[in-house]
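What follows is a short report on a single structure.
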Amino acid sequence: MNTPHISGQPPTVTGAETPVASEIHTYSMVERSDRLDFEIRDQSVRAPVTKSHRHEYFQIFANQAGAAPHLLGGRHCESVPRSLIFVLPYRVHLAMVEPGTRYQLINFASNFLRPDFALSPLEMEEASITQYPELTPFIYQGWFDFVFDPDEFAHIEALLQRLQHAHYRRTLGTLERVRGALLELIGFTTEKFAPQLLSLVEQRVYLQGHSDALRRVLKYIDGNLHRDIALPEVAEAAYLSPNYLSQLLKKQTGLAFVDWLTGRRMERARDLLAHTVDRINTVAHRVGFDDEAYFTRRFKQRFGIAPSAYRRSMREAG
């Protein structure tokens with residue numbers, strides 16, 4: 001039996017590009033599937049997307065032969081023969097499918113999994129596996145590689161064949177059978193790796209995922225404080241959806257994105273005033289303000305003192 005692998009920090013992935021805001025696209029079911037509820041297809045039906053992207057729906061990648069490593073939310077996931085990759089909606093990802101790889105791809109809408117499904121992206125990441133057991137492998141993909149032995153994967157391939165047969169011969173009662181086979185696939189995976197998954201649940205590793213995400217956001221913002229930046233750009237540079245980032249910032253800091261960004265600008269400005277001899281208008285430009293008067297007003301609102309007075313006080317203190 002294969003030894004399961006629990007992923008740590010994401011290694012550098014050769015050939016993977018850092019996504020640029022304008023390049024990351026969010027796909028809807030209608031763009032990548034022939035059906036709006038559920039679809040299963042093999043590698044011959046449609047070419048894989050070769051750039052970092054995200055989609056509104058759930059996805060399962062079943063690798064039957066070959067290699068297709070994934071970069072998922074900034075984490076590296078192995079995709080070797082006899083493995084599954086589970087992709088949550090709105091997670092930025094890229095499948096680097098090598099030539100000759102055989103795979104089955106399953107796409108399905110959130111309300112196909114369960115009709116009452118109405119979780120936001122952040123809520124999905126933190127969902128209780130007791131209340132939403134169907135989400136378990138999706139939540140912990142990236143922390144864990146789901147690789148099966150030959151007998152186990154034979155069962156999975158039988159389920160894939162059942163899904164294909166029902167999908168292409170739809171009639172009354174078919175979708176119920178499709179949903180049942182899909183839940184068997186998810187449940188079989190969860191049951192096989194239950195000890196490892198429960199360990200990850202107890203460790204609350206999603207909180208580290210949040211910390212990693214915030215570090216990526218902070219690094220991007222700090223490198224771009226000199227210019228106008230908006231939530232969608234920052235989110236895409238950090239492998240997040242704008243909605244997810246907005247919720248994450250609010251939950252972790254209590255601040256909206258604009259307030260948090262302004263706070264970072266002010267902290268940088270204070271440091272520049274204390275440790276450089278740049279003119280006030282130069283400091284303002286270096287932290288993204290074109291109007292010196294507006295910058296002065298915002299600085300005074302935050303620190304209760306004008307930039308020039310703050311600089312004098314720091315020099316006198318020194």
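Convention: chains lettered A, B, ... in structure tokens order; per-chain residue numbering from 1; ligands numbered from 1 as shown.
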Exercise. Using only C-alpha atoms, which residues sit within 8 Å of Ala213 (chain A) once same-chain residues fewer than 5 positions away are excluded, as a PyMOL selection string?
Worked result: chain A and resi 238-240
For this session: as JSON, numbers by chain, please: all residues of region 159-318 of chain A that backbone DSSP puts in helix (DSSP H, G or I).
Result: {"A": [159, 160, 161, 162, 163, 164, 165, 166, 167, 168, 174, 175, 176, 177, 178, 179, 180, 181, 182, 183, 184, 185, 186, 187, 188, 189, 190, 191, 192, 194, 195, 196, 197, 198, 199, 200, 201, 202, 203, 205, 206, 207, 208, 209, 210, 211, 212, 213, 214, 215, 216, 217, 218, 219, 220, 221, 222, 231, 232, 233, 234, 235, 236, 237, 242, 243, 244, 245, 246, 247, 248, 249, 250, 251, 252, 253, 257, 258, 259, 260, 261, 262, 263, 264, 265, 266, 267, 268, 269, 270, 271, 272, 273, 274, 275, 280, 281, 282, 283, 284, 285, 286, 292, 293, 294, 295, 296, 297, 298, 299, 300, 301, 302, 303, 307, 308, 309, 310, 311, 312, 313, 314, 315, 316, 317]}
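Residues lying within 12 Å of Asp290 (chain A), counting only C-alpha atoms and ignoring same-chain neighbours fewer than 3 positions away, are His226, Arg227, Asp228, Ile280, Asn281, Thr282, Val283, Ala284, His285, Arg286, Val287, Ala293, Tyr294, Phe295 and Thr296 of chain A.
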For this session: Run DSSP on the backbone and grab whatever in region 26-116 of chain A lands in strand (DSSP E or B); send it over as a ChimeraX atom specification.
Result: /A:26-27,38-42,53-55,58-65,70-72,75-77,83-87,93-95,102-108
Pull C-alpha atoms from the residues just selected and write them as an mmCIF file, in the first residue's frame.
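Output file result_25.cif follows:
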data_model
loop_
_atom_site.group_PDB
_atom_site.id
_atom_site.type_symbol
_atom_site.label_atom_id
_atom_site.label_comp_id
_atom_site.auth_asym_id
_atom_site.auth_seq_id
_atom_site.Cartn_x
_atom_site.Cartn_y
_atom_site.Cartn_z
ATOM 1 C CA THR A 26 -12.757 32.406 -13.081
ATOM 2 C CA TYR A 27 -14.567 29.789 -15.155
ATOM 3 C CA PHE A 38 -22.463 17.575 -13.505
ATOM 4 C CA GLU A 39 -19.933 16.401 -16.063
ATOM 5 C CA ILE A 40 -17.267 13.721 -16.292
ATOM 6 C CA ARG A 41 -14.832 13.521 -19.210
ATOM 7 C CA ASP A 42 -11.400 12.129 -20.052
ATOM 8 C CA HIS A 53 -7.217 29.892 -13.021
ATOM 9 C CA ARG A 54 -10.150 29.192 -10.738
ATOM 10 C CA HIS A 55 -13.747 28.097 -11.230
ATOM 11 C CA PHE A 58 -16.119 21.704 -7.575
ATOM 12 C CA GLN A 59 -13.598 19.587 -9.439
ATOM 13 C CA ILE A 60 -12.034 16.142 -8.978
ATOM 14 C CA PHE A 61 -8.993 15.127 -11.050
ATOM 15 C CA ALA A 62 -8.508 11.345 -11.229
ATOM 16 C CA ASN A 63 -5.039 10.468 -12.523
ATOM 17 C CA GLN A 64 -5.026 7.051 -14.181
ATOM 18 C CA ALA A 65 -1.556 7.124 -15.760
ATOM 19 C CA HIS A 70 -1.018 20.728 -9.343
ATOM 20 C CA LEU A 71 -0.311 24.110 -7.853
ATOM 21 C CA LEU A 72 -3.340 24.670 -5.644
ATOM 22 C CA ARG A 75 0.651 24.689 -2.451
ATOM 23 C CA HIS A 76 2.174 21.864 -4.449
ATOM 24 C CA CYS A 77 0.086 18.705 -4.864
ATOM 25 C CA SER A 83 -4.337 9.500 -7.244
ATOM 26 C CA LEU A 84 -7.141 12.028 -6.839
ATOM 27 C CA ILE A 85 -6.985 15.824 -6.607
ATOM 28 C CA PHE A 86 -9.952 17.645 -5.010
ATOM 29 C CA VAL A 87 -10.415 21.325 -5.937
ATOM 30 C CA HIS A 93 -4.862 26.395 -9.279
ATOM 31 C CA LEU A 94 -2.903 25.047 -12.206
ATOM 32 C CA ALA A 95 -2.632 21.456 -13.452
ATOM 33 C CA ARG A 102 -4.568 9.651 -18.800
ATOM 34 C CA TYR A 103 -7.139 11.102 -16.451
ATOM 35 C CA GLN A 104 -10.822 11.624 -15.746
ATOM 36 C CA LEU A 105 -12.074 15.079 -14.795
ATOM 37 C CA ILE A 106 -15.272 15.577 -12.799
ATOM 38 C CA ASN A 107 -16.941 18.990 -12.574
ATOM 39 C CA PHE A 108 -20.094 19.622 -10.575
#
Problem set entry | Which of A:Leu248, A:Val258, A:Met314, A:Leu172 sits closest to Asp271 (chain A) [using only C-alpha atoms] | A:Met314
Would you pick out the contacts of Asn111 (chain A) at 9 Å or less, using only C-alpha atoms, so that residues sharing its chain but fewer than 6 positions from it are not included, and give the list as a compact mmCIF listing (two decimals) with C-alpha atoms, in the first residue's frame?
# COMPACT_ATOMS: atom_id res chain seq x y z
CA ASP A 37 -24.95 20.43 -13.04
CA PHE A 117 -25.25 24.27 -0.08
CA ALA A 118 -24.78 28.02 0.40
Exercise. Between CA of Met96 (chain A) and CA of Ala68 (chain A), what is the distance, to one decimal in Å?
Worked result: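 Going from CA of Met96 (chain A) over to CA of Ala68 (chain A) covers 5.1 Å.
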For this session: For Gln161 (chain A), list every protein, DNA or RNA residue within 12 Å, evaluated using only C-alpha atoms, and leave out those in the same chain fewer than 3 positions away; present the list as a ChimeraX atom specification.
Result: /A:40-42,62,104,106,154-158,164-168,178,181-182,185
Based on the selection just made, write C-alpha atoms of those residues as a PDB file, in the first residue's frame.
ATOM      1  CA  ILE A  40     -17.267  13.721 -16.292  1.00  0.00           C
ATOM      2  CA  ARG A  41     -14.832  13.521 -19.210  1.00  0.00           C
ATOM      3  CA  ASP A  42     -11.400  12.129 -20.052  1.00  0.00           C
ATOM      4  CA  ALA A  62      -8.508  11.345 -11.229  1.00  0.00           C
ATOM      5  CA  GLN A 104     -10.822  11.624 -15.746  1.00  0.00           C
ATOM      6  CA  ILE A 106     -15.272  15.577 -12.799  1.00  0.00           C
ATOM      7  CA  ALA A 154      -9.724  -0.336  -9.164  1.00  0.00           C
ATOM      8  CA  HIS A 155     -12.765   0.465  -7.007  1.00  0.00           C
ATOM      9  CA  ILE A 156     -12.405   4.141  -7.902  1.00  0.00           C
ATOM     10  CA  GLU A 157     -12.182   3.362 -11.615  1.00  0.00           C
ATOM     11  CA  ALA A 158     -15.345   1.265 -11.338  1.00  0.00           C
ATOM     12  CA  GLN A 164     -19.624   8.053 -17.130  1.00  0.00           C
ATOM     13  CA  HIS A 165     -22.321   5.535 -18.056  1.00  0.00           C
ATOM     14  CA  ALA A 166     -25.015   7.395 -16.142  1.00  0.00           C
ATOM     15  CA  HIS A 167     -23.866  10.845 -17.271  1.00  0.00           C
ATOM     16  CA  TYR A 168     -24.083  10.049 -20.970  1.00  0.00           C
ATOM     17  CA  VAL A 178     -24.752   9.957 -10.299  1.00  0.00           C
ATOM     18  CA  ALA A 181     -21.668   7.357  -7.004  1.00  0.00           C
ATOM     19  CA  LEU A 182     -20.065  10.760  -6.495  1.00  0.00           C
ATOM     20  CA  LEU A 185     -16.111   8.348  -4.349  1.00  0.00           C
TER      21      LEU A 185
END
